[in-house]
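Colleague: Sharing structure19.cif, mmCIF, C-alpha atoms and all ligand atoms:
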```cif
data_input
#
loop_
_atom_site.label_atom_id
_atom_site.label_comp_id
_atom_site.auth_asym_id
_atom_site.auth_seq_id
_atom_site.Cartn_x
_atom_site.Cartn_y
_atom_site.Cartn_z
CA MET Q 16 134.93 130.08 46.97
CA ALA Q 17 135.52 128.65 50.47
CA ALA Q 18 136.38 131.24 53.12
CA LEU Q 19 140.03 131.28 54.18
CA ALA Q 20 140.47 129.72 57.64
CA PRO Q 21 141.31 132.47 60.18
CA ALA Q 22 144.47 130.67 61.34
CA VAL Q 23 145.79 130.40 57.77
CA ALA Q 24 144.96 134.06 57.16
CA ALA Q 25 146.77 135.01 60.39
CA ILE Q 26 150.02 133.21 59.48
CA ARG Q 27 150.03 134.66 55.96
CA VAL Q 28 149.41 138.20 57.20
CA ALA Q 29 152.25 137.84 59.71
CA VAL Q 30 154.72 136.64 57.06
CA ARG Q 31 153.61 139.31 54.60
CA ARG Q 32 154.24 142.01 57.24
CA ALA Q 33 157.74 140.67 57.83
CA LEU Q 34 158.69 140.36 54.16
CA VAL Q 35 157.15 143.48 52.69
CA GLY Q 36 159.78 146.15 52.24
CA LEU Q 37 162.76 143.88 53.02
CA PRO Q 38 165.56 146.04 51.68
CA ALA Q 39 168.06 143.49 50.37
CA ALA Q 40 167.61 141.27 47.33
CA GLY Q 41 168.19 137.53 47.68
CA PRO Q 42 165.97 134.67 48.80
CA VAL Q 43 164.31 134.44 52.17
CA LEU Q 44 165.29 131.24 53.95
CA VAL Q 45 162.88 129.49 56.32
CA ALA Q 46 164.48 127.61 59.23
CA CYS Q 47 162.19 124.60 59.51
CA SER Q 48 162.36 121.76 62.03
CA GLY Q 49 159.18 120.16 60.74
CA GLY Q 50 157.39 121.16 63.98
CA ALA Q 51 154.02 122.93 63.81
CA ASP Q 52 155.41 126.46 64.20
CA SER Q 53 158.05 126.32 61.50
CA LEU Q 54 155.90 124.16 59.19
CA ALA Q 55 153.18 126.82 59.35
CA LEU Q 56 155.88 129.43 58.75
CA ALA Q 57 157.13 127.55 55.71
CA ALA Q 58 153.61 127.13 54.31
CA ALA Q 59 152.84 130.83 54.74
CA THR Q 60 156.18 131.82 53.19
CA ALA Q 61 155.61 129.51 50.20
CA PHE Q 62 152.35 131.38 49.63
CA VAL Q 63 153.45 134.96 50.34
CA ALA Q 64 157.05 135.21 49.04
CA PRO Q 65 156.31 134.53 45.33
CA ARG Q 66 153.52 137.11 45.45
CA LEU Q 67 156.08 139.66 46.63
CA GLY Q 68 158.46 138.59 43.85
CA ARG Q 69 160.88 136.89 46.24
CA PRO Q 70 162.41 133.44 46.00
CA ALA Q 71 161.98 131.34 49.12
CA GLY Q 72 164.37 128.63 50.29
CA LEU Q 73 164.31 126.32 53.31
CA VAL Q 74 166.96 124.93 55.63
CA THR Q 75 166.47 122.12 58.10
CA VAL Q 76 169.11 121.20 60.64
CA ASP Q 77 169.77 117.64 61.76
CA HIS Q 78 171.32 117.76 65.23
CA GLY Q 79 171.92 114.01 65.14
CA LEU Q 80 170.77 113.74 68.76
CA GLN Q 81 167.78 111.44 68.37
CA ALA Q 82 167.07 108.22 66.56
CA GLY Q 83 165.35 109.04 63.30
CA SER Q 84 166.61 112.63 63.14
CA ALA Q 85 168.17 112.12 59.68
CA GLU Q 86 164.89 110.69 58.36
CA ARG Q 87 162.99 113.65 59.81
CA ALA Q 88 165.36 116.11 58.14
CA ALA Q 89 165.10 114.23 54.84
CA ALA Q 90 161.30 114.25 55.01
CA VAL Q 91 161.23 118.01 55.66
CA ALA Q 92 163.63 118.62 52.75
CA ARG Q 93 161.55 116.41 50.44
CA TRP Q 94 158.37 118.24 51.38
CA ALA Q 95 160.10 121.59 50.80
CA GLU Q 96 161.26 120.59 47.31
CA GLU Q 97 157.79 119.35 46.40
CA THR Q 98 156.33 122.61 47.70
CA GLY Q 99 158.58 124.64 45.40
CA PHE Q 100 161.23 125.96 47.82
CA ALA Q 101 164.64 126.60 46.25
CA PRO Q 102 167.27 126.29 47.55
CA VAL Q 103 166.50 123.47 49.99
CA GLU Q 104 169.15 122.24 52.37
CA SER Q 105 169.37 119.65 55.09
CA VAL Q 106 172.42 120.36 57.22
CA ARG Q 107 173.88 117.85 59.65
CA VAL Q 108 175.64 119.54 62.59
CA ARG Q 109 177.94 118.24 65.28
CA VAL Q 110 176.65 119.14 68.74
CA ALA Q 111 179.08 117.14 70.91
CA GLY Q 112 182.16 118.95 72.13
CA ARG Q 113 180.56 122.38 72.30
CA PRO Q 114 180.46 124.24 75.61
CA GLY Q 115 177.25 124.57 77.65
CA GLY Q 116 174.38 122.15 78.28
CA PRO Q 117 172.95 119.97 75.51
CA GLU Q 118 170.14 122.44 74.75
CA GLY Q 119 172.52 125.41 74.47
CA ALA Q 120 175.05 123.45 72.43
CA ALA Q 121 172.35 122.33 69.97
CA ARG Q 122 171.07 125.89 69.65
CA GLU Q 123 174.56 127.25 69.02
CA ALA Q 124 175.29 124.61 66.36
CA ARG Q 125 171.90 125.25 64.75
CA TYR Q 126 172.29 129.03 64.56
CA GLN Q 127 175.81 128.68 63.21
CA ALA Q 128 174.59 126.35 60.45
CA LEU Q 129 171.64 128.64 59.67
CA ALA Q 130 173.88 131.73 59.46
CA GLU Q 131 176.32 129.88 57.17
CA ALA Q 132 173.48 128.84 54.88
CA GLY Q 133 172.15 132.41 54.91
CA ARG Q 134 175.53 133.79 53.85
CA ARG Q 135 176.07 131.07 51.26
CA TYR Q 136 172.83 131.93 49.48
CA GLY Q 137 173.05 135.69 50.00
CA ALA Q 138 169.74 135.48 51.87
CA SER Q 139 167.79 138.71 52.39
CA ALA Q 140 166.49 137.20 55.64
CA LEU Q 141 166.35 134.03 57.65
CA LEU Q 142 162.93 133.31 59.21
CA THR Q 143 162.24 131.34 62.38
CA GLY Q 144 158.89 130.20 63.73
CA HIS Q 145 159.05 131.51 67.31
CA THR Q 146 155.51 132.26 68.46
CA ARG Q 147 153.91 134.46 71.08
CA ASP Q 148 153.86 131.40 73.35
CA ASP Q 149 157.64 131.00 72.95
CA GLN Q 150 158.01 134.68 73.80
CA ALA Q 151 155.86 134.30 76.94
CA GLU Q 152 157.98 131.31 78.02
CA THR Q 153 161.17 133.28 77.41
CA VAL Q 154 159.95 136.19 79.54
CA LEU Q 155 158.86 133.92 82.39
CA LEU Q 156 162.17 132.04 82.38
CA ALA Q 157 164.08 135.34 82.36
CA LEU Q 158 161.98 136.61 85.26
CA ALA Q 159 162.57 133.42 87.24
CA ARG Q 160 166.33 133.54 86.58
CA GLY Q 161 166.59 137.20 87.57
CA SER Q 162 168.24 138.03 84.28
CA GLY Q 163 167.17 141.68 84.33
CA PRO Q 164 165.71 143.87 81.58
CA ARG Q 165 167.83 142.38 78.80
CA GLY Q 166 166.25 138.97 79.47
CA LEU Q 167 162.78 140.39 80.07
CA ALA Q 168 162.93 142.11 76.67
CA GLY Q 169 162.55 138.59 75.24
CA MET Q 170 163.34 137.76 71.63
CA PRO Q 171 163.49 140.69 69.22
CA PRO Q 172 161.41 140.44 66.02
CA ARG Q 173 164.59 141.09 64.06
CA ARG Q 174 168.28 140.91 64.77
CA ASP Q 175 171.55 140.35 63.02
CA LEU Q 176 172.76 136.75 62.93
CA SER Q 177 176.44 136.94 61.92
CA GLY Q 178 175.69 139.14 58.93
CA VAL Q 179 172.26 137.73 58.02
CA PRO Q 180 169.03 139.45 59.16
CA LEU Q 181 167.08 137.03 61.37
CA LEU Q 182 163.31 137.68 61.41
CA ARG Q 183 160.67 136.21 63.71
CA PRO Q 184 157.38 136.90 61.92
CA PHE Q 185 155.24 134.86 64.36
CA LEU Q 186 155.87 136.72 67.64
CA ASP Q 187 152.23 137.90 67.46
CA VAL Q 188 150.91 134.51 66.34
CA THR Q 189 149.90 131.89 68.90
CA ARG Q 190 150.97 128.25 68.96
CA GLU Q 191 147.28 127.38 68.81
CA GLN Q 192 147.07 129.24 65.49
CA THR Q 193 150.11 127.49 63.97
CA ARG Q 194 148.67 124.11 64.99
CA ARG Q 195 145.27 124.97 63.59
CA ALA Q 196 146.82 126.24 60.35
CA CYS Q 197 148.74 122.97 59.98
CA ALA Q 198 145.55 120.98 60.57
CA VAL Q 199 143.61 123.05 58.01
CA LEU Q 200 146.41 122.66 55.47
CA GLY Q 201 146.53 118.90 56.06
CA PHE Q 202 150.06 118.72 57.53
CA THR Q 203 151.18 116.33 60.24
CA PRO Q 204 153.85 118.24 62.14
CA TRP Q 205 156.77 116.51 63.81
CA GLU Q 206 156.56 116.54 67.60
CA ASP Q 207 159.97 117.31 69.09
CA PRO Q 208 160.40 115.00 72.11
CA HIS Q 209 162.52 117.72 73.78
CA ASN Q 210 159.46 119.97 73.91
CA VAL Q 211 157.77 117.58 76.36
CA ASP Q 212 160.89 116.34 78.16
CA PRO Q 213 160.50 117.50 81.80
CA SER Q 214 164.27 117.64 82.26
CA TYR Q 215 164.20 120.92 80.28
CA ALA Q 216 163.09 124.05 82.16
CA ARG Q 217 161.36 125.42 79.06
CA ALA Q 218 159.34 122.22 78.65
CA ARG Q 219 158.18 122.46 82.28
CA VAL Q 220 157.18 126.10 81.79
CA ARG Q 221 155.28 125.06 78.65
CA ALA Q 222 153.55 122.07 80.24
CA ASP Q 223 152.87 123.34 83.77
CA VAL Q 224 153.61 126.99 84.45
CA LEU Q 225 151.91 128.77 81.57
CA PRO Q 226 148.74 126.64 81.69
CA ALA Q 227 148.52 127.33 85.45
CA LEU Q 228 148.91 131.08 84.85
CA VAL Q 229 146.29 131.05 82.11
CA ALA Q 230 143.92 129.06 84.33
CA ALA Q 231 144.40 131.47 87.24
CA LEU Q 232 144.60 134.79 85.40
CA GLY Q 233 142.94 134.21 82.04
CA PRO Q 234 144.17 133.81 78.46
CA ALA Q 235 145.34 137.43 78.17
CA VAL Q 236 148.41 136.40 80.19
CA LEU Q 237 150.22 135.29 77.03
CA GLU Q 238 149.68 138.55 75.20
CA ASN Q 239 150.47 140.52 78.37
CA LEU Q 240 153.81 138.75 78.82
CA ALA Q 241 154.63 139.40 75.16
CA ARG Q 242 153.65 143.06 75.57
CA THR Q 243 155.88 143.31 78.63
CA ALA Q 244 158.75 142.10 76.45
CA ARG Q 245 158.03 144.77 73.80
CA LEU Q 246 157.83 147.57 76.39
CA VAL Q 247 161.01 146.50 78.17
CA ALA Q 248 162.79 146.10 74.82
CA ALA Q 249 161.95 149.70 73.89
CA ASP Q 250 163.16 151.02 77.27
CA THR Q 251 166.30 148.91 77.08
CA ALA Q 252 167.14 150.19 73.59
CA ALA Q 253 166.77 153.80 74.79
CA LEU Q 254 168.94 153.16 77.86
CA ASP Q 255 171.55 151.42 75.71
CA ASP Q 256 171.78 154.52 73.48
CA LEU Q 257 172.22 156.75 76.54
CA ALA Q 258 174.84 154.36 77.93
CA ALA Q 259 176.80 154.42 74.66
CA ALA Q 260 176.95 158.22 74.86
CA ALA Q 261 177.94 158.09 78.55
CA LEU Q 262 180.69 155.56 77.80
CA ALA Q 263 182.12 157.88 75.15
CA GLU Q 264 182.11 160.70 77.69
CA ALA Q 265 183.78 158.59 80.39
CA ARG Q 266 186.68 157.48 78.19
CA VAL Q 267 190.09 158.82 79.02
CA PRO Q 268 191.17 160.99 76.11
CA THR Q 269 194.09 159.36 74.33
CA ASP Q 270 195.39 162.59 72.78
CA GLY Q 271 197.29 163.71 75.85
CA GLY Q 272 194.49 165.88 77.23
CA ALA Q 273 193.63 163.47 80.04
CA THR Q 274 192.08 164.55 83.32
CA GLY Q 275 194.85 162.90 85.39
CA ASP Q 276 198.59 163.57 85.30
CA ARG Q 277 198.96 161.46 82.22
CA PRO Q 278 196.52 159.78 79.84
CA VAL Q 279 195.54 156.20 80.66
CA PRO Q 280 194.74 154.55 77.32
CA GLY Q 281 191.61 152.41 77.37
CA GLY Q 282 190.58 153.64 80.81
CA LEU Q 283 187.47 155.36 82.16
CA VAL Q 284 187.29 158.47 84.33
CA VAL Q 285 185.82 157.60 87.73
CA THR Q 286 184.28 161.02 88.40
CA VAL Q 287 182.29 160.81 85.15
CA LEU Q 288 181.08 157.32 86.05
CA ALA Q 289 180.19 158.38 89.60
CA GLY Q 290 177.91 161.12 88.24
CA LEU Q 291 175.76 158.65 86.29
CA ALA Q 292 172.48 157.12 87.48
CA PRO Q 293 173.16 153.52 88.64
CA ALA Q 294 171.07 152.03 85.80
CA LEU Q 295 173.24 153.86 83.27
CA ARG Q 296 176.53 153.27 85.05
CA THR Q 297 176.06 149.49 85.20
CA ARG Q 298 175.20 149.50 81.48
CA VAL Q 299 178.32 151.53 80.72
CA LEU Q 300 180.46 149.11 82.74
CA HIS Q 301 178.85 146.10 81.09
CA ALA Q 302 179.42 147.55 77.61
CA TRP Q 303 183.01 148.44 78.49
CA ALA Q 304 183.75 144.95 79.83
CA ARG Q 305 182.38 143.47 76.59
CA GLU Q 306 184.57 145.87 74.64
CA LEU Q 307 187.61 144.71 76.59
CA GLY Q 308 186.82 141.17 75.47
CA ALA Q 309 184.69 139.64 78.24
CA PRO Q 310 182.40 137.02 76.65
CA ALA Q 311 178.73 138.01 77.00
CA ALA Q 312 177.56 134.59 78.19
CA ALA Q 313 180.03 134.55 81.09
CA LEU Q 314 179.74 138.20 82.14
CA SER Q 315 177.34 138.26 85.09
CA HIS Q 316 175.71 140.78 87.42
CA ARG Q 317 178.37 139.87 89.98
CA HIS Q 318 181.20 141.03 87.69
CA VAL Q 319 179.45 144.30 86.85
CA ALA Q 320 178.67 144.88 90.54
CA ALA Q 321 182.37 144.41 91.39
CA LEU Q 322 183.34 146.97 88.73
CA ASP Q 323 180.66 149.30 90.07
CA ALA Q 324 182.13 148.96 93.58
CA LEU Q 325 185.45 150.28 92.23
CA VAL Q 326 183.54 153.47 91.45
CA THR Q 327 180.99 153.78 94.26
CA ASP Q 328 182.50 151.80 97.13
CA TRP Q 329 186.23 152.48 96.76
CA ARG Q 330 188.24 151.20 99.74
CA GLY Q 331 191.48 150.51 97.94
CA GLN Q 332 190.33 147.00 97.02
CA GLY Q 333 192.26 144.86 94.57
CA ALA Q 334 191.68 144.26 90.90
CA VAL Q 335 188.37 142.89 89.63
CA TYR Q 336 188.66 139.65 87.66
CA LEU Q 337 186.47 139.40 84.58
CA PRO Q 338 185.78 136.41 82.33
CA GLY Q 339 188.17 136.20 79.40
CA ALA Q 340 191.23 136.40 81.69
CA LEU Q 341 190.77 140.16 82.15
CA ARG Q 342 191.53 142.32 85.16
CA VAL Q 343 190.45 145.87 85.90
CA THR Q 344 191.81 148.06 88.64
CA ARG Q 345 191.28 151.60 89.88
CA HIS Q 346 194.31 153.80 89.58
CA ASP Q 347 194.71 157.52 89.88
CA GLY Q 348 190.98 158.25 89.47
CA HIS Q 349 190.60 155.89 86.53
CA LEU Q 350 189.34 152.38 85.89
CA VAL Q 351 192.16 150.71 83.98
CA PRO Q 352 192.39 147.32 82.27
CA LEU Q 353 195.55 145.47 83.29
N1 LIG N 401 166.18 121.43 63.51
C1 LIG N 401 165.86 122.64 63.06
N2 LIG N 401 166.09 122.98 61.77
C2 LIG N 401 165.79 124.22 61.30
N3 LIG N 401 165.22 125.17 62.06
C3 LIG N 401 164.95 124.89 63.34
C4 LIG N 401 165.26 123.61 63.91
N4 LIG N 401 164.87 123.64 65.21
C5 LIG N 401 164.36 124.85 65.42
N5 LIG N 401 164.39 125.61 64.32
C6 LIG N 401 163.90 126.99 64.14
O1 LIG N 401 163.89 127.64 65.39
C7 LIG N 401 162.54 127.94 65.78
C8 LIG N 401 162.36 127.74 67.27
O2 LIG N 401 162.62 126.40 67.56
P1 LIG N 401 162.27 125.78 68.97
O3 LIG N 401 162.63 124.34 68.91
O4 LIG N 401 162.88 126.67 69.99
O5 LIG N 401 160.73 126.04 69.07
P2 LIG N 401 159.44 125.21 68.65
O6 LIG N 401 158.31 126.03 69.17
O7 LIG N 401 159.56 123.80 69.09
O8 LIG N 401 159.42 125.30 67.03
P3 LIG N 401 158.87 124.23 65.98
O9 LIG N 401 157.47 123.84 66.40
O10 LIG N 401 158.90 124.90 64.64
O11 LIG N 401 159.88 123.09 66.05
C9 LIG N 401 161.68 127.02 64.92
O12 LIG N 401 160.39 127.57 64.74
C10 LIG N 401 162.48 126.97 63.65
O13 LIG N 401 162.26 128.12 62.84
#
```
When written as structure tokens, how does the structure in this file appear?

Modeller:
Amino acid sequence: MAALAPAVAAIRVAVRRALVGLPAAGPVLVACSGGADSLALAAATAFVAPRLGRPAGLVTVDHGLQAGSAERAAAVARWAEETGFAPVESVRVRVAGRPGGPEGAAREARYQALAEAGRRYGASALLTGHTRDDQAETVLLALARGSGPRGLAGMPPRRDLSGVPLLRPFLDVTREQTRRACAVLGFTPWEDPHNVDPSYARARVRADVLPALVAALGPAVLENLARTARLVAADTAALDDLAAAALAEARVPTDGGATGDRPVPGGLVVTVLAGLAPALRTRVLHAWARELGAPAAALSHRHVAALDALVTDWRGQGAVYLPGALRVTRHDGHLVPL
């Protein structure tokens, strides 16, 4: 018997690790663009899932942004049916008219369609083909944009996508391995023109920045960036737990036992906030602003810093304006939403 190619073994092991012990019943759904990463993911899932007694389906999204995109989606769906995936779906989405740049709008439409498919089929998980290289790019972009620990934590291996568990089994698999696996298995992956389009920051990082880093510092750079993401993610999760407890403590009691003359519903006690370490306090304020209804994408460091100044640099300044048409002021030793 011919030995199993190491790249094929690596992708199967990664998918097996992700699927083994999945709590819920229901099929796993592979999100497949037809590119090397998600084609390798689909091939590994087609091999592993039946051996774990799980049905495997596949969804491909047609963004309708490029000539030939419908044909590409149809070809992926045809291949999936021939390979034994069920259900198989090709979903056409409308990208135009969504907020944000074209890349962000396409991503939002894609994830919405994937989550809807996941719910429709009662999927136990939705799988995407993000690799270690994608993770390294994400960390570098976050570092360059100054997005702080939440950005540096990169993409989590699992998260909730509107009620469906989203898994990324390939975060420890390299792009080189997915390409090699495709070659060994005789697939011709689709090459997404966006991946090499220099008008996208991620494409420039992929084409120029990472190769330069690897050339200067050696190939371990990719794994080291991915490890940085894991370490920061663990620290961030711990700090988030502490911040949730601190937020509970800072809340003005609504039962009449407030620290001021009268309770201020929905407010926070400034003296409690002032006693927190800055890293915790800014997390508390960020979480509180989200709770009040500020949209995550629009809530920036600047907004949180302005809230923080109400606590630590109080000079009687006016209300702080937050995205989502919100205002917060300091009154009588409390931060209060107006
Ligand atoms: N059109 C699509 N339809 C279904 N899933 C998609 C589509 N585009 C991306 N995905 C999913 O999201 C993952 C990340 O996509 P992205 O385009 O960011 O990275 P990529 O490295 O180019 O992936 P790939 O080589 O699989 O296209 C893919 O691996 C795939 O699981």

Colleague: What does the structure give for the distance between atom CA of Glu104 of chain Q and atom CA of Gln127 of chain Q, in Å to one decimal?

Modeller: 14.3 Å

Colleague: In Å, rounded to a single decimal, give me how far atom P3 of ligand LIG 401 (chain N) is from atom CA of Glu206 of chain Q.

Modeller: 8.2 Å

Colleague: In terms of the shortest atom-to-atom distance over all atoms listed in the file, which of Q:Leu186, Q:Leu34, Q:Leu257, Q:Ala29 is closest to ligand LIG 401 (chain N)?

Modeller: Q:Leu186

Colleague: Give me, please, the distance in Å between atom C8 of ligand LIG 401 (chain N) and atom CA of Leu155 of chain Q, quoted to one decimal.

Modeller: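 Between these atoms lies a distance of 16.7 Å.
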
Colleague: Identify, counting only C-alpha atoms and all ligand atoms, the protein, DNA and RNA residues located within 7 Å of ligand LIG 401 (chain N), and give them as a ChimeraX atom specification.

Modeller: /Q:45-54,74-78,125,142-146,149,207,210

Colleague: Counting all atoms listed in the file, figure out which residue out of Q:Ala128, Q:Leu44, Q:Leu37, Q:Ala58 gets nearest to Leu200 of chain Q.

Modeller: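 When distances to Leu200 of chain Q are compared using all atoms listed in the file, the smallest one comes from Q:Ala58.
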
Colleague: Rank Q:Pro180, Q:Pro204, Q:Gly166, Q:Pro65 by their smallest atom-to-atom distance to Ala90 of chain Q, using all atoms listed in the file, and report the top residue only.

Modeller: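 With all atoms listed in the file as the atom set, the closest residue is Q:Pro204.
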
Colleague: Smallest atom-to-atom distance to Leu295 of chain Q: which of Q:Glu118, Q:Phe202, Q:Thr243, Q:Ala261, using all atoms listed in the file?

Modeller: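 Among Q:Glu118, Q:Phe202, Q:Thr243, Q:Ala261, it is Q:Ala261 that comes nearest to Leu295 of chain Q.
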
Colleague: Please provide the set of residues having any atom within 8 Å of Val285 of chain Q, restricted to all atoms listed in the file, with same-chain residues fewer than 4 positions apart removed, written as JSON, numbers by chain.

Modeller: {"Q": [265, 289, 326, 348, 349, 350]}
